[in-house]
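Here is the structure we will look at, set down as structure tokens.
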Amino acid sequence: MVARVKTPRSGGPAAALRWDDAKVFLAIWRAGSLKRAAQALGVNISTVSRRLDGLEAELGARLFDRTPDGALATAAAERLAPFAEGMEQAADGFARGLEDFEVEVAGVVRLTAPPGLVDHFLAAALPELFERYPQLRLEIAASVGYLDLARREADIALRGQRPTAGDVVARRLVASGWIVAGSPALVAELGRLRSTKAARWVTWGAGLGHLPDSRWVAENVPEDRVVLRSNGMTGLIEAVRAGLGLMVLPAPYRRLTGLEVVRCAPALRRTLAELPTTELWIAGHRAHREIPRIAAVWDWLSEVFVDADADAD
């Protein structure tokens, strides 16, 4: 006779079916006997028999016929077996679901940032980052070009403007004005700067004339007082440190060793104040923001540049 399965009502006995019950069911299904199922489960045969009785009572159907040759599956068992196997796969997935989930700060983080920031703010601060997180690895693309966060070309980006495309989260780290800087010796020699004619200047080269500081130099400094133009921030700053001339810089750069802020006369200060505020934004893909290694670098960068901005006040 074919066993009939009662269809449980919503919220009825079947709603309380536990994975342990399905595990016993599958052990008997696969072993073909209560004894071998008990051995596979590591329990005694009376436990398996009692669990099977309880499961059959709960479902309202006979699942196995106990015979001298073993436990023979009924039509009800045949119907339920795929669902029990599905429960097994779900339980296995639940147990393994976090195996690859990061819980420690470890692995590679890809960062893109302008070369000037990398050279003068990040490089010297890196030992402290790796002291905190010894298993962290950092790949830095020092470039003014934008890598695509959505395509995972970078995990974190430092940018001068807030990103507007893609599913990214962004935070402004710095909003500051501008300074005129020189070497300590040159600044002391010049005293209060009343005219840009009184000093030599260094500034950006061809292709970067659109930058605010480059425009300021073009509008306020005589051409013959500009002695060096370059597209490399590091080269310009090193020339200033060496005493070659003055340079217009975002205010946070005042913290760099070997640079001193020039005291400008009111007229020059007013022209500097007219320049647009320089900003620095940190951005990353929203879906990856809370990954431990990315969150750790994000927080560290925030500390580095918030401190730099505070120093500029």
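Chain lettering (A, B, ...) mirrors the order of the structure tokens, residue numbering begins at 1 for each chain separately, and ligand numbering begins at 1 in order of display.
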Could you please write out, as a PyMOL selection string, every residue of region 128-292 of chain A that DSSP assigns to helix (DSSP H, G or I)? chain A and resi 128-132+184-190+196-198+212-220+223-225+233-241+251-255+266-273+286-288+292
Suppose we keep C-alpha atoms; can you now write the selection as a PDB file, in the first residue's frame?
```pdb
ATOM      1  CA  GLU A 128      52.680  53.460  11.535  1.00  0.00           C
ATOM      2  CA  LEU A 129      49.983  51.870   9.343  1.00  0.00           C
ATOM      3  CA  PHE A 130      51.895  48.603   9.010  1.00  0.00           C
ATOM      4  CA  GLU A 131      52.747  48.597  12.689  1.00  0.00           C
ATOM      5  CA  ARG A 132      49.015  48.555  13.353  1.00  0.00           C
ATOM      6  CA  PRO A 184      63.340  78.912   6.197  1.00  0.00           C
ATOM      7  CA  ALA A 185      66.460  80.838   5.179  1.00  0.00           C
ATOM      8  CA  LEU A 186      64.793  82.515   2.210  1.00  0.00           C
ATOM      9  CA  VAL A 187      61.676  83.387   4.196  1.00  0.00           C
ATOM     10  CA  ALA A 188      63.800  84.950   6.925  1.00  0.00           C
ATOM     11  CA  GLU A 189      65.745  86.944   4.310  1.00  0.00           C
ATOM     12  CA  LEU A 190      62.595  88.255   2.612  1.00  0.00           C
ATOM     13  CA  THR A 196      56.022  89.263  -5.912  1.00  0.00           C
ATOM     14  CA  LYS A 197      58.914  90.993  -7.712  1.00  0.00           C
ATOM     15  CA  ALA A 198      61.003  90.644  -4.575  1.00  0.00           C
ATOM     16  CA  PRO A 212      44.283  77.696  -9.267  1.00  0.00           C
ATOM     17  CA  ASP A 213      47.825  78.191  -7.937  1.00  0.00           C
ATOM     18  CA  SER A 214      49.212  78.222 -11.465  1.00  0.00           C
ATOM     19  CA  ARG A 215      46.674  80.869 -12.476  1.00  0.00           C
ATOM     20  CA  TRP A 216      47.593  82.967  -9.432  1.00  0.00           C
ATOM     21  CA  VAL A 217      51.269  82.940 -10.424  1.00  0.00           C
ATOM     22  CA  ALA A 218      50.377  83.875 -14.019  1.00  0.00           C
ATOM     23  CA  GLU A 219      48.273  86.824 -12.812  1.00  0.00           C
ATOM     24  CA  ASN A 220      50.486  88.100  -9.998  1.00  0.00           C
ATOM     25  CA  GLU A 223      57.213  86.258 -16.097  1.00  0.00           C
ATOM     26  CA  ASP A 224      60.902  86.957 -15.562  1.00  0.00           C
ATOM     27  CA  ARG A 225      60.610  86.070 -11.844  1.00  0.00           C
ATOM     28  CA  MET A 233      55.173  68.290  -7.384  1.00  0.00           C
ATOM     29  CA  THR A 234      58.119  66.615  -5.667  1.00  0.00           C
ATOM     30  CA  GLY A 235      60.667  68.373  -7.858  1.00  0.00           C
ATOM     31  CA  LEU A 236      59.061  71.754  -7.238  1.00  0.00           C
ATOM     32  CA  ILE A 237      58.967  71.281  -3.469  1.00  0.00           C
ATOM     33  CA  GLU A 238      62.551  70.078  -3.342  1.00  0.00           C
ATOM     34  CA  ALA A 239      63.618  73.164  -5.292  1.00  0.00           C
ATOM     35  CA  VAL A 240      61.765  75.353  -2.789  1.00  0.00           C
ATOM     36  CA  ARG A 241      63.399  73.542   0.122  1.00  0.00           C
ATOM     37  CA  ALA A 251      47.758  75.263   3.389  1.00  0.00           C
ATOM     38  CA  PRO A 252      48.294  71.699   4.744  1.00  0.00           C
ATOM     39  CA  TYR A 253      51.725  71.634   3.040  1.00  0.00           C
ATOM     40  CA  ARG A 254      52.980  74.047   5.685  1.00  0.00           C
ATOM     41  CA  ARG A 255      53.591  71.007   7.911  1.00  0.00           C
ATOM     42  CA  PRO A 266      47.549  92.474   3.052  1.00  0.00           C
ATOM     43  CA  ALA A 267      47.220  93.027  -0.689  1.00  0.00           C
ATOM     44  CA  LEU A 268      48.852  89.682  -1.489  1.00  0.00           C
ATOM     45  CA  ARG A 269      46.862  87.909   1.211  1.00  0.00           C
ATOM     46  CA  ARG A 270      43.655  89.181  -0.364  1.00  0.00           C
ATOM     47  CA  THR A 271      44.594  87.767  -3.769  1.00  0.00           C
ATOM     48  CA  LEU A 272      45.359  84.386  -2.188  1.00  0.00           C
ATOM     49  CA  ALA A 273      42.049  84.437  -0.343  1.00  0.00           C
ATOM     50  CA  ARG A 286      29.820  51.466  -1.272  1.00  0.00           C
ATOM     51  CA  ALA A 287      29.656  47.655  -1.293  1.00  0.00           C
ATOM     52  CA  HIS A 288      33.268  47.304  -0.125  1.00  0.00           C
ATOM     53  CA  PRO A 292      38.086  45.210   7.326  1.00  0.00           C
TER      54      PRO A 292
END
```
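The list of residues with at least one atom within 9 Å of Gly160 (chain A), based on only C-alpha atoms and without residues fewer than 2 positions apart in the same chain, reads Pro114, Leu158, Arg162, Thr278, Glu279, Leu280, Trp281 and Ile282 of chain A.
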What does the structure give for the distance between CA of Arg192 (chain A) and CA of Val261 (chain A), in Å to one decimal? 10.6 Å
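Taking CA of Thr277 (chain A) and CA of Arg159 (chain A) as endpoints, the distance between them is 14.0 Å.
Distance annotation: of A:Ser49, A:Leu126, A:Glu290, A:Gly284, the residue with the minimal separation from Ala170 (chain A) is A:Gly284; atom set is only C-alpha atoms.
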Any idea what's packed within 9 Å of Leu55 (chain A), counting only C-alpha atoms, ignoring anything in its chain fewer than 5 positions away? Could you give it as a PyMOL selection string? chain A and resi 17+21-22+25+50+60-61+63
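Each of A:Ala81, A:Val202, A:Ala71, A:Leu208 was compared to Gly243 (chain A) using only C-alpha atoms, and A:Val202 turns out to be the nearest.
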Contact residues around Arg110 (chain A) with only C-alpha atoms at 7 Å, ignoring same-chain residues under 2 positions, as number ranges by chain: A: 108, 112, 138-140, 154-156
Write to file, as a compact mmCIF listing (two decimals), in the first residue's frame, the residues of the selection just made, with N, CA and C atoms.
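Output contents, as saved in selection29.txt:
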```txt
# COMPACT_ATOMS: atom_id res chain seq x y z
N VAL A 108 45.44 42.69 0.41
CA VAL A 108 45.86 43.83 -0.41
C VAL A 108 44.76 44.88 -0.50
N THR A 112 44.59 54.79 -4.97
CA THR A 112 45.04 55.74 -5.99
C THR A 112 45.00 57.14 -5.39
N LEU A 138 49.71 47.03 0.70
CA LEU A 138 49.19 48.23 0.05
C LEU A 138 49.79 48.37 -1.34
N GLU A 139 48.94 48.64 -2.32
CA GLU A 139 49.38 48.96 -3.67
C GLU A 139 48.91 50.38 -3.98
N ILE A 140 49.85 51.28 -4.25
CA ILE A 140 49.52 52.69 -4.48
C ILE A 140 49.77 53.06 -5.93
N ALA A 154 40.65 50.28 -8.22
CA ALA A 154 41.18 50.75 -6.95
C ALA A 154 40.11 50.52 -5.89
N ASP A 155 40.55 50.28 -4.65
CA ASP A 155 39.62 50.12 -3.54
C ASP A 155 39.29 51.46 -2.90
N ILE A 156 40.28 52.35 -2.87
CA ILE A 156 40.11 53.67 -2.27
C ILE A 156 40.77 54.69 -3.19
```
